Number of protein chains: 2
Amino acid sequence: MAPARLIAEPLTRAAFEPFGDVIETQGAEHFAINNGTTERYHDLANIDVTGEGARVIANIFCGEPWVPPIEIKMLERHPLGSQAFMPIGPHPYLAVVADSGADGLPGELKAFLCQCDQGVNYARGIWHHPLLSLEARSDFLVIDRGGPGINLEERTLPSPMLLELSQ
Amino acid sequence: MAPARLIAEPLTRAAFEPFGDVIETQGAEHFAINNGTTERYHDLANIDVTGEGARVIANIFCGEPWVPPIEIKMLERHPLGSQAFMPIGPHPYLAVVADSGADGLPGELKAFLCQCDQGVNYARGIWHHPLLSLEARSDFLVIDRGGPGINLEERTLPSPMLLELSQ
């Protein structure tokens with residue numbers, strides 16, 4: 001049997017809201033600072049780390065590009081902290097997320113095509129696929145959690161899905 | 001009298017160490033994750049917020065470009081939190097910092113020319129100039145502090161300095 005298809009939709013704040021934050025200037029609160037030389041788009045992500053000894057850390061992730069056809073076979077989640085990805089290069093990427101289904105396992109999947117001026121912040125505990133860079137090796141500033149505790153769960157999907165970039 | 005000159009040097013982790021962190025892959029601890037598809041350059045900045053109700057926030061700053069000759073007339077600092085800038089575009093920028101001098105006022109100034117794959121994290125309380133973008137309107141992901149309390153001090157320098165990009 002052919003794998004079920006998962007079609008990526010454009011990333012928007014409204015569509016991504018159940019899963020976390022879109023980090024982009026469009027539609028964000030902003031104001032001038034620095035004597036008018038800088039515009040500040042303010043407080044764009046709910047950075048949320050928990051557990052004893054937790055702290056917010058900054059990292060750079062370098063992702064190898066995925067080449068279609070892309071099979072989604074597994075998801076992961078971080079029960080102790082949010083995880084934000086902001087592209088620091090010119091390439092788009094994909095975000096694949098799922099509702100929390102029965103027994104907390106991944107429910108229905110959604111896929112988003114994200115542009116290079118859009119970051120995503122996966123809320124704490126949200127199922128998501130590991131980084132899916134496109135086109136070329138891509139760097140991201142990643143804001144997530146450091147500290148003790150088990151902050152990674154992984155689940156293999158009952159059946160893989162075939163991710164398509166457009167209909 | 002002509003203003004004193006301040007000459008920008010290339011940003012390196014060693015030279016910037018008294019003022020905070022350089023956020024870059026070069027020379028950083030790293031390891032493979034995500035089944036080998038991603039390299040994680042780990043924990044690159046000391047994100048440090050303090051005070052009741054403090055939290056780490058993520059913002060985008062859009063800076064208008066500064067055109068030489070650039071006069072450095074003032075500095076600012078954030079007593080309650082670090083502030084990290086990571087370029088999310090292709091342009092270089094400048095970081096101007098100062099030691100803490102007599103009575104906590106800005107001491108000796110240093111200037112750094114930063115490339116687009118280098119972020120800077122100003123440590124809590126370090127005197128620095130507001131964002132100095134170069135070449136074009138430039139976007140940065142900024143990780144700093146939200147919450148109540150007075151987190152901004154500004155000081156006019158006794159005499160301005162003329163910033164030069166190279167000798």
# chains A, B, ... in the order shown; residues from 1 in each chain; ligands from 1
$ select_by_dssp --residues "chain B" --states "helix (DSSP H, G or I)" --output "PDB file with C-alpha atoms, in the first residue's frame"
ATOM      1  CA  ARG B  13      35.935  34.775  20.593  1.00  0.00           C
ATOM      2  CA  ALA B  14      39.193  35.519  22.397  1.00  0.00           C
ATOM      3  CA  ALA B  15      39.059  39.288  21.881  1.00  0.00           C
ATOM      4  CA  PHE B  16      35.371  39.534  22.804  1.00  0.00           C
ATOM      5  CA  ASN B  34      18.862  13.667  14.346  1.00  0.00           C
ATOM      6  CA  ASN B  35      20.343  10.435  13.010  1.00  0.00           C
ATOM      7  CA  GLY B  36      23.312  12.292  11.578  1.00  0.00           C
ATOM      8  CA  ALA B 102      35.632  54.497  37.281  1.00  0.00           C
ATOM      9  CA  ASP B 103      32.290  54.667  39.128  1.00  0.00           C
ATOM     10  CA  GLY B 104      30.918  52.077  36.712  1.00  0.00           C
TER      11      GLY B 104
END
$ interface_residues --of "chain A" --to "chain B" --cutoff "7 Å" --atoms "only C-alpha atoms" --output "PyMOL selection string"
chain A and resi 25+34+37-45+47+56-64+87-89+130
$ select_by_dssp --residues "region 25-163 of chain A" --states "strand (DSSP E or B)" --output "VMD selection string"
chain A and resid 30 to 33 38 to 41 49 55 to 63 65 70 to 77 81 83 to 87 93 to 100 106 to 114 119 to 122 127 to 128 132 to 133 138 to 146 153 to 163
$ write_last_selection --atoms "C-alpha atoms" --output "PDB file, in the first residue's frame"
ATOM      1  CA  HIS A  30       6.773  46.634  17.024  1.00  0.00           C
ATOM      2  CA  PHE A  31       8.151  49.989  18.045  1.00  0.00           C
ATOM      3  CA  ALA A  32      11.126  52.223  17.317  1.00  0.00           C
ATOM      4  CA  ILE A  33      14.168  52.154  19.608  1.00  0.00           C
ATOM      5  CA  THR A  38      16.080  50.314  14.891  1.00  0.00           C
ATOM      6  CA  GLU A  39      12.615  48.793  14.848  1.00  0.00           C
ATOM      7  CA  ARG A  40      11.985  46.244  17.610  1.00  0.00           C
ATOM      8  CA  TYR A  41       9.507  43.435  16.862  1.00  0.00           C
ATOM      9  CA  VAL A  49      11.838  25.810  30.085  1.00  0.00           C
ATOM     10  CA  ARG A  55      18.202  27.232  31.695  1.00  0.00           C
ATOM     11  CA  VAL A  56      17.691  28.720  28.263  1.00  0.00           C
ATOM     12  CA  ILE A  57      20.534  27.958  25.868  1.00  0.00           C
ATOM     13  CA  ALA A  58      21.441  29.216  22.393  1.00  0.00           C
ATOM     14  CA  ASN A  59      22.845  26.877  19.762  1.00  0.00           C
ATOM     15  CA  ILE A  60      23.469  26.737  16.047  1.00  0.00           C
ATOM     16  CA  PHE A  61      22.076  23.725  14.187  1.00  0.00           C
ATOM     17  CA  CYS A  62      23.496  22.950  10.732  1.00  0.00           C
ATOM     18  CA  GLY A  63      21.052  20.766   8.838  1.00  0.00           C
ATOM     19  CA  PRO A  65      19.112  19.210   3.111  1.00  0.00           C
ATOM     20  CA  ILE A  70      10.553  12.847   2.090  1.00  0.00           C
ATOM     21  CA  GLU A  71       9.183  10.045   4.257  1.00  0.00           C
ATOM     22  CA  ILE A  72       8.011  11.013   7.710  1.00  0.00           C
ATOM     23  CA  LYS A  73       8.649   7.959   9.869  1.00  0.00           C
ATOM     24  CA  MET A  74       8.953   9.336  13.386  1.00  0.00           C
ATOM     25  CA  LEU A  75       8.374  12.386  15.570  1.00  0.00           C
ATOM     26  CA  GLU A  76       9.949  13.668  18.748  1.00  0.00           C
ATOM     27  CA  ARG A  77       8.987  16.019  21.543  1.00  0.00           C
ATOM     28  CA  GLY A  81      11.099  22.893  27.131  1.00  0.00           C
ATOM     29  CA  GLN A  83      12.521  24.769  21.050  1.00  0.00           C
ATOM     30  CA  ALA A  84      12.816  27.705  18.659  1.00  0.00           C
ATOM     31  CA  PHE A  85      14.445  27.577  15.215  1.00  0.00           C
ATOM     32  CA  MET A  86      15.358  30.774  13.361  1.00  0.00           C
ATOM     33  CA  PRO A  87      17.000  30.426   9.933  1.00  0.00           C
ATOM     34  CA  TYR A  93      12.606  24.514   5.424  1.00  0.00           C
ATOM     35  CA  LEU A  94       9.748  22.339   6.618  1.00  0.00           C
ATOM     36  CA  ALA A  95       8.046  22.038   9.984  1.00  0.00           C
ATOM     37  CA  VAL A  96       6.051  18.869  10.637  1.00  0.00           C
ATOM     38  CA  VAL A  97       3.989  18.716  13.825  1.00  0.00           C
ATOM     39  CA  ALA A  98       1.224  16.627  15.347  1.00  0.00           C
ATOM     40  CA  ASP A  99      -1.576  17.032  17.806  1.00  0.00           C
ATOM     41  CA  SER A 100      -1.291  15.046  20.991  1.00  0.00           C
ATOM     42  CA  PRO A 106       1.252  11.707  18.018  1.00  0.00           C
ATOM     43  CA  GLY A 107      -2.185  12.432  16.576  1.00  0.00           C
ATOM     44  CA  GLU A 108      -2.997  14.053  13.273  1.00  0.00           C
ATOM     45  CA  LEU A 109       0.040  15.421  11.443  1.00  0.00           C
ATOM     46  CA  LYS A 110       0.410  18.833   9.790  1.00  0.00           C
ATOM     47  CA  ALA A 111       3.240  20.084   7.609  1.00  0.00           C
ATOM     48  CA  PHE A 112       4.269  23.688   6.974  1.00  0.00           C
ATOM     49  CA  LEU A 113       6.571  25.181   4.374  1.00  0.00           C
ATOM     50  CA  CYS A 114       8.554  27.892   6.158  1.00  0.00           C
ATOM     51  CA  GLY A 119      11.225  31.032  12.572  1.00  0.00           C
ATOM     52  CA  VAL A 120       9.177  28.477  14.488  1.00  0.00           C
ATOM     53  CA  ASN A 121       9.045  27.871  18.213  1.00  0.00           C
ATOM     54  CA  TYR A 122       7.689  24.428  19.056  1.00  0.00           C
ATOM     55  CA  TRP A 127       5.315  16.441  18.726  1.00  0.00           C
ATOM     56  CA  HIS A 128       7.468  17.526  15.771  1.00  0.00           C
ATOM     57  CA  LEU A 132      13.981  19.336   7.755  1.00  0.00           C
ATOM     58  CA  SER A 133      16.246  21.703   5.835  1.00  0.00           C
ATOM     59  CA  SER A 138      21.238  25.366   6.359  1.00  0.00           C
ATOM     60  CA  ASP A 139      22.072  26.998   9.656  1.00  0.00           C
ATOM     61  CA  PHE A 140      19.563  27.904  12.361  1.00  0.00           C
ATOM     62  CA  LEU A 141      19.867  29.675  15.673  1.00  0.00           C
ATOM     63  CA  VAL A 142      18.114  27.342  18.107  1.00  0.00           C
ATOM     64  CA  ILE A 143      16.863  28.483  21.505  1.00  0.00           C
ATOM     65  CA  ASP A 144      16.022  25.553  23.741  1.00  0.00           C
ATOM     66  CA  ARG A 145      16.616  24.037  27.162  1.00  0.00           C
ATOM     67  CA  GLY A 146      19.776  23.007  28.920  1.00  0.00           C
ATOM     68  CA  GLU A 153      10.833  11.429  23.589  1.00  0.00           C
ATOM     69  CA  GLU A 154      10.721   9.785  20.176  1.00  0.00           C
ATOM     70  CA  ARG A 155       7.942   7.784  18.580  1.00  0.00           C
ATOM     71  CA  THR A 156       7.915   5.806  15.352  1.00  0.00           C
ATOM     72  CA  LEU A 157       4.686   6.385  13.435  1.00  0.00           C
ATOM     73  CA  PRO A 158       2.413   3.346  12.915  1.00  0.00           C
ATOM     74  CA  SER A 159       2.850   3.911   9.179  1.00  0.00           C
ATOM     75  CA  PRO A 160       5.126   6.424   7.430  1.00  0.00           C
ATOM     76  CA  MET A 161       3.713   9.396   5.541  1.00  0.00           C
ATOM     77  CA  LEU A 162       4.942  10.838   2.277  1.00  0.00           C
ATOM     78  CA  LEU A 163       5.505  14.571   2.576  1.00  0.00           C
TER      79      LEU A 163
END
$ closest_residue --among "B:Pro69, B:Ile150, B:Gln26, B:Gln115" --to "Ile7 (chain B)" --atoms "only C-alpha atoms"
B:Pro69
$ atom_distance --atom1 "CA of Ser82 (chain B)" --atom2 "CA of Glu17 (chain B)"
13.8 Å
$ atom_distance --atom1 "CA of Ser166 (chain A)" --atom2 "CA of Glu9 (chain A)"
7.3 Å
$ residues_around --residues "Glu164 (chain A)" --least-positions-apart "3" --cutoff "7 Å" --atoms "only C-alpha atoms" --output "list in words"
Arg5, Leu6, Ile7 and Ala8 of chain A
$ atom_distance --atom1 "CA of Gln118 (chain B)" --atom2 "CA of Pro92 (chain B)"
8.7 Å
$ decode --residues "region 52-74 of chain B" --atoms "N, CA and C atoms" --output "mmCIF file, in the first residue's frame"
data_model
loop_
_atom_site.group_PDB
_atom_site.id
_atom_site.type_symbol
_atom_site.label_atom_id
_atom_site.label_comp_id
_atom_site.auth_asym_id
_atom_site.auth_seq_id
_atom_site.Cartn_x
_atom_site.Cartn_y
_atom_site.Cartn_z
ATOM 1 N N GLU B 52 13.000 39.880 39.761
ATOM 2 C CA GLU B 52 11.679 39.258 39.922
ATOM 3 C C GLU B 52 10.864 39.387 38.628
ATOM 4 N N GLY B 53 10.271 38.271 38.223
ATOM 5 C CA GLY B 53 9.442 38.281 37.024
ATOM 6 C C GLY B 53 10.220 38.285 35.725
ATOM 7 N N ALA B 54 11.530 38.091 35.805
ATOM 8 C CA ALA B 54 12.340 38.103 34.577
ATOM 9 C C ALA B 54 12.067 36.860 33.746
ATOM 10 N N ARG B 55 12.069 37.039 32.431
ATOM 11 C CA ARG B 55 12.004 35.893 31.528
ATOM 12 C C ARG B 55 12.814 36.211 30.289
ATOM 13 N N VAL B 56 13.203 35.148 29.596
ATOM 14 C CA VAL B 56 13.954 35.303 28.353
ATOM 15 C C VAL B 56 12.960 35.533 27.220
ATOM 16 N N ILE B 57 13.180 36.555 26.412
ATOM 17 C CA ILE B 57 12.292 36.807 25.277
ATOM 18 C C ILE B 57 13.083 36.823 23.972
ATOM 19 N N ALA B 58 12.373 36.524 22.890
ATOM 20 C CA ALA B 58 12.962 36.512 21.545
ATOM 21 C C ALA B 58 12.301 37.609 20.726
ATOM 22 N N ASN B 59 13.105 38.363 20.002
ATOM 23 C CA ASN B 59 12.620 39.516 19.244
ATOM 24 C C ASN B 59 13.364 39.566 17.914
ATOM 25 N N ILE B 60 12.820 40.311 16.980
ATOM 26 C CA ILE B 60 13.566 40.630 15.764
ATOM 27 C C ILE B 60 13.816 42.133 15.761
ATOM 28 N N PHE B 61 15.083 42.519 15.612
ATOM 29 C CA PHE B 61 15.444 43.930 15.459
ATOM 30 C C PHE B 61 15.766 44.174 13.993
ATOM 31 N N CYS B 62 15.175 45.217 13.415
ATOM 32 C CA CYS B 62 15.508 45.632 12.041
ATOM 33 C C CYS B 62 16.277 46.950 12.151
ATOM 34 N N GLY B 63 17.542 46.904 11.781
ATOM 35 C CA GLY B 63 18.395 48.072 11.945
ATOM 36 C C GLY B 63 18.666 48.775 10.631
ATOM 37 N N GLU B 64 18.477 50.101 10.647
ATOM 38 C CA GLU B 64 18.862 50.887 9.475
ATOM 39 C C GLU B 64 20.393 50.932 9.404
ATOM 40 N N PRO B 65 20.952 50.933 8.199
ATOM 41 C CA PRO B 65 22.414 50.916 8.089
ATOM 42 C C PRO B 65 23.037 52.241 8.521
ATOM 43 N N TRP B 66 24.172 52.145 9.196
ATOM 44 C CA TRP B 66 24.985 53.306 9.523
ATOM 45 C C TRP B 66 26.019 53.476 8.414
ATOM 46 N N VAL B 67 26.257 54.712 8.048
ATOM 47 C CA VAL B 67 27.189 54.993 6.956
ATOM 48 C C VAL B 67 28.388 55.747 7.532
ATOM 49 N N PRO B 68 29.605 55.262 7.305
ATOM 50 C CA PRO B 68 30.783 55.990 7.787
ATOM 51 C C PRO B 68 30.818 57.406 7.202
ATOM 52 N N PRO B 69 31.354 58.408 7.890
ATOM 53 C CA PRO B 69 31.977 58.281 9.213
ATOM 54 C C PRO B 69 30.934 58.105 10.317
ATOM 55 N N ILE B 70 31.207 57.162 11.229
ATOM 56 C CA ILE B 70 30.288 56.858 12.325
ATOM 57 C C ILE B 70 30.852 57.462 13.609
ATOM 58 N N GLU B 71 30.075 58.335 14.225
ATOM 59 C CA GLU B 71 30.484 58.942 15.493
ATOM 60 C C GLU B 71 29.852 58.185 16.646
ATOM 61 N N ILE B 72 30.688 57.737 17.557
ATOM 62 C CA ILE B 72 30.198 57.058 18.762
ATOM 63 C C ILE B 72 30.074 58.108 19.864
ATOM 64 N N LYS B 73 28.839 58.388 20.208
ATOM 65 C CA LYS B 73 28.578 59.481 21.156
ATOM 66 C C LYS B 73 28.084 58.999 22.504
ATOM 67 N N MET B 74 27.556 57.793 22.549
ATOM 68 C CA MET B 74 26.948 57.286 23.784
ATOM 69 C C MET B 74 27.032 55.769 23.811
#
